[in-house]
Amino acid sequence: MASNKKKTPEINGGSMADISFLMLIFFLMVTTMDHEKGIARRLPPMPNKDQKAEDMKVNRRNILEVKISSGDRIFAGGEYLSDASQLDEIVINFFTNPNNSDKLPSFKTKNIEGFGECRVSEGVISLQNDRATHYDIYLRVQNALVRAINTLRDNFAMQNWGKKYEDLDDAHQKIVRKAVPQSISESEPVNVGKK
Amino acid sequence: MAKFVRKGKNEGSPSINTSSLPDIVFMILMFFMVSTSMRKTERMVSVKLPVASEIAKLERKDLSSYIYIGKPTEQYQSQFGTDARIQLNDSFKSVGDIGDFIAAERENLSEGDRQFMTVSLNIDKDTRMGIVTDVKQELRRCSALKIMYVANQQYKKY
C-alpha cells in the first residue's frame with residue numbers, strides 16, 4: 001500500500017490567482033501613491049523682536065515688483081500680464097539687463113570662491129499677493145519665477161562648462177548658485193478690499 | 001468537403017491556458033507594493049494639487065512632516081463647513097496649533113536631523129492665500145524654514 005503513495009499528489013494551483021488578486025486589492029486599498037514632489041522653498045527667518053525690522057535700502061531699479069491681486073491678476077514690472085508664462089521673459093530680461101539700461105538692476109563684481117571674478121546682478125524680485133489670491137495662481141507665479149532663474153542658471157553653466165546646471169557636480173552648482181542667486185523676497189500680503 | 005467535416009468534429013473553442021495568471025497578478029502586486037506606501041493618516045480634507053514644472057523631489061521622506069489644507073471632505077462638511085481648513089495628523093486644527101505640531105515632529109527626529117526637517121504643504125489649488133500665509137508666518141515663528149509646496153508634475157510642451 002505504501003509503495004503506491006510514493007509520488008506526492010500535485011497541489012492544485014488554480015486558486016493561486018484568486019489569492020493573489022485578494023492581496024492585490026488589499027494593497028490597493030491601504031496604500032497611497034504619494035506626491036513627494038514639489039517646489040522647495042526656504043522661508044526667511046523671523047526677525048528678532050529687539051532688533052527692529054530694518055528696511056533694506058535697495059535701489060529702486062534693483063526691485064522687480066510682482067503682484068497678484070485678489071482677482072488673480074498678475075502685475076509685474078509695470079504692466080498687467082494675461083498669463084504667468086509671460087513672467088519668464090520679464091524676469092530673464094530683468095536679471096540679465098542686456099542693454100545696460102539704468103532702469104534695470106545694476107551689477108556688482110563679486111569674487112566667487114573657486115571661480116574668480118563674476119558679474120552678479122543685484123536685482124531682487126519682490127512678490128506680493130492678496131489674501132484672497134488663489135493658491136493655484138500663486139504657485140504658478142512661483143513656478144514661473146523659479147523656471148526663469150533655472151533658465152539663467154542653465155545659461156551660465158552652459159557658457160562656462162558646456163553643461164546644464166543639473167548635470168554639474170556639487171562644487172560647480174554652488175558656484176552657479178552664487179553667480180545667479182535666487183533672490184525672491186515675499187512681503188506680507190495686503191488685505192482684501194484695499195488697493 | 002472533407003474540411004468542413006473535420007471542423008464540425010472539433011466543436012467548442014479550446015480553453016485558454018491560465019496557468020500563468022497567478023504570475024501576472026503577483027507581478028502587479030509587487031509593483032504596487034514597491035511604488036506605494038502605507039496610508040499614514042486618514043485624509044479629512046480634499047486636496048487637488050496644483051501643477052508646476054520646476055519641481056524637485058523630496059530628499060528625505062522620513063524628515064518631512066505634512067500639513068494639509070483644503071475643503072473638508074463631504075462627511076465632515078456638516079460639522080466643519082466648506083471653508084478651507086488645516087489638517088494636522090488626524091484632526092482639524094487651527095493655525096495656532098502648528099507650533100505644537102512642529103515641536104512634536106521635531107522631537108521625533110534625531111538631533112542631527114532636526115535642521116533638515118522639511119514641511120510639506122499639501123494645499124488645494126482653490127484655497128485662498130490668506131490661510132496659506134498665516135501658516136507660513138506660523139512656520140517662520142517656530143523656525144521651520146524649509147518648506148515644500150507639493151505639486152504635480154506638469155510636462156513641458158514642446
# chains A, B, ... in the order shown; residues from 1 in each chain; ligands from 1
$ select_by_dssp --residues "stretch 1-142 of chain B" --states "helix (DSSP H, G or I)" --output "VMD selection string"
chain B and resid 2 to 9 21 to 35 61 to 63 74 to 80 95 to 108 111 to 116 129 to 141
$ interface_residues --of "chain B" --to "chain A" --cutoff "8 Å" --atoms "only C-alpha atoms" --output "ChimeraX atom specification"
/B:19,21-23,25-26,28-29,32-33,35-39,50-58,61,123-133,136,140-141,143,145-153
$ write_last_selection --atoms "C-alpha atoms" --output "mmCIF file, in the first residue's frame"
data_model
loop_
_atom_site.group_PDB
_atom_site.id
_atom_site.type_symbol
_atom_site.label_atom_id
_atom_site.label_comp_id
_atom_site.auth_asym_id
_atom_site.auth_seq_id
_atom_site.Cartn_x
_atom_site.Cartn_y
_atom_site.Cartn_z
ATOM 1 C CA SER B 19 -1.549 28.744 -15.502
ATOM 2 C CA LEU B 21 -2.288 34.129 -14.408
ATOM 3 C CA PRO B 22 -1.004 33.950 -10.823
ATOM 4 C CA ASP B 23 2.428 35.048 -12.001
ATOM 5 C CA VAL B 25 -1.088 39.061 -10.817
ATOM 6 C CA PHE B 26 1.869 38.625 -8.488
ATOM 7 C CA ILE B 28 1.209 43.613 -10.473
ATOM 8 C CA LEU B 29 1.110 43.064 -6.734
ATOM 9 C CA PHE B 32 2.066 48.159 -6.106
ATOM 10 C CA MET B 33 4.000 47.099 -3.047
ATOM 11 C CA SER B 35 5.629 52.015 -5.678
ATOM 12 C CA THR B 36 3.141 52.870 -2.981
ATOM 13 C CA SER B 37 3.401 53.492 0.678
ATOM 14 C CA MET B 38 1.072 52.808 3.548
ATOM 15 C CA ARG B 39 -1.542 55.421 4.185
ATOM 16 C CA PRO B 50 -1.730 72.396 -8.472
ATOM 17 C CA VAL B 51 0.677 71.683 -11.281
ATOM 18 C CA ALA B 52 4.194 73.019 -11.634
ATOM 19 C CA SER B 53 7.033 72.292 -13.997
ATOM 20 C CA GLU B 54 10.070 73.161 -11.889
ATOM 21 C CA ILE B 55 9.661 70.557 -9.250
ATOM 22 C CA ALA B 56 12.246 68.792 -7.211
ATOM 23 C CA LYS B 57 11.993 65.542 -5.388
ATOM 24 C CA LEU B 58 11.824 65.486 -1.644
ATOM 25 C CA LYS B 61 10.971 61.382 3.165
ATOM 26 C CA ILE B 123 -2.611 72.633 -0.349
ATOM 27 C CA ASP B 124 -5.701 72.501 -2.506
ATOM 28 C CA LYS B 125 -5.410 74.718 -5.527
ATOM 29 C CA ASP B 126 -8.625 76.584 -4.839
ATOM 30 C CA THR B 127 -7.502 77.683 -1.399
ATOM 31 C CA ARG B 128 -7.196 81.394 -0.797
ATOM 32 C CA MET B 129 -3.745 82.658 0.080
ATOM 33 C CA GLY B 130 -4.868 84.150 3.403
ATOM 34 C CA ILE B 131 -4.764 80.877 5.282
ATOM 35 C CA VAL B 132 -1.597 79.797 3.484
ATOM 36 C CA THR B 133 0.152 82.996 4.537
ATOM 37 C CA LYS B 136 3.755 80.316 6.595
ATOM 38 C CA ARG B 140 8.549 81.128 10.421
ATOM 39 C CA ARG B 141 7.727 81.791 14.037
ATOM 40 C CA SER B 143 11.639 78.438 12.638
ATOM 41 C CA LEU B 145 12.001 77.281 7.409
ATOM 42 C CA LYS B 146 12.399 74.516 4.905
ATOM 43 C CA ILE B 147 9.113 74.090 3.150
ATOM 44 C CA MET B 148 7.909 72.429 0.033
ATOM 45 C CA TYR B 149 4.841 73.275 -1.967
ATOM 46 C CA VAL B 150 3.763 69.852 -3.118
ATOM 47 C CA ALA B 151 2.667 69.892 -6.739
ATOM 48 C CA ASN B 152 2.079 67.567 -9.603
ATOM 49 C CA GLN B 153 4.475 67.407 -12.480
#
$ atom_distance --atom1 "atom CA of B:Leu49" --atom2 "atom CA of B:Gly70"
10.0 Å
$ atom_distance --atom1 "atom CA of A:Trp161" --atom2 "atom CA of A:Arg119"
16.8 Å
$ residues_around --residues "A:Tyr80" --least-positions-apart "5" --cutoff "10 Å" --atoms "only C-alpha atoms" --output "PyMOL selection string"
chain A and resi 66-68+73-75
$ write_last_selection --atoms "N, CA and C atoms" --output "CSV table (one decimal), in the first residue's frame"
chain,number,residue,atom,x,y,z
A,66,VAL,N,6.4,92.0,-8.4
A,66,VAL,CA,5.4,91.1,-8.9
A,66,VAL,C,4.2,91.1,-7.9
A,67,LYS,N,3.1,91.4,-8.4
A,67,LYS,CA,1.9,91.5,-7.5
A,67,LYS,C,0.8,90.6,-8.1
A,68,ILE,N,0.1,89.9,-7.2
A,68,ILE,CA,-1.1,89.2,-7.7
A,68,ILE,C,-2.3,89.7,-6.9
A,73,ARG,N,-5.1,88.6,-10.9
A,73,ARG,CA,-4.4,89.2,-12.0
A,73,ARG,C,-3.0,89.4,-11.6
A,74,ILE,N,-2.1,89.2,-12.5
A,74,ILE,CA,-0.7,89.3,-12.3
A,74,ILE,C,-0.2,90.6,-12.8
A,75,PHE,N,0.5,91.3,-11.9
A,75,PHE,CA,1.1,92.6,-12.3
A,75,PHE,C,2.6,92.5,-12.1
$ select_by_dssp --residues "chain B" --states "strand (DSSP E)" --output "PyMOL selection string"
chain B and resi 37-38+45-46+51-52+56-57+64-72+85-88+91-93+118-123+146-150+152-153
